[in-house]
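Notes follow the structure.
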Amino acid sequence: MGRRDGGQTKSLWASPTPTVSIRLIVQYNKLGMMQDKQKKYNKHADQFQQISETLSILNRVKDSMQNLVPKMERLNQMLPPEDRLELLSLKSQLLEPDVTTGGPTGTAESEEPVVRTGSG
């Protein structure tokens with residue numbers, strides 16, 4: 001990576017003064033460090049995106065469960081008393097704080113969701 005000039009080979013880094021060469025080397029090193037930081041940032045951004053997608057899916061599942069409990073209770077009430085299932089409380093699982101908002105996921109006016117399971 002040199003060129004012929006007056007019979008002498010000069011490096012690309014050659015400059016009239018040593019301080020200019022040092023500045024070029026320092027700038028080159030800074031560029032390398034910035035590229036490394038960019039790669040790390042991209043890796044963390046990808047991981048954050050995956051976590052956000054997973055969290056979104058979990059919240060949809062939780063919402064589906066909250067909607068399913070009253071429907072199951074209504075179906076259970078339609079059964080003859082001898083065929084009804086036992087009560088099952090899902091309040092502790094469904095009303096835990098929402099990870100994205102920090103607040104409870106259930107509603108304050110609703111009572112504890114109850115589902116009957118098994119025969120008793």
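Chain labels run A, B, ... following the order of the structure tokens; each chain numbers its residues from 1, and ligands are numbered from 1 in the order shown.
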
DSSP alpha helix (DSSP H) selection over segment 5-91 of chain A, as a count of residues only: 62

Atom CA of Leu58 of chain A to atom CA of Lys39 of chain A, straight-line distance in Å: 29.0 Å

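Here atom CA of Lys43 of chain A and atom CA of Ser56 of chain A stand 20.1 Å from one another.
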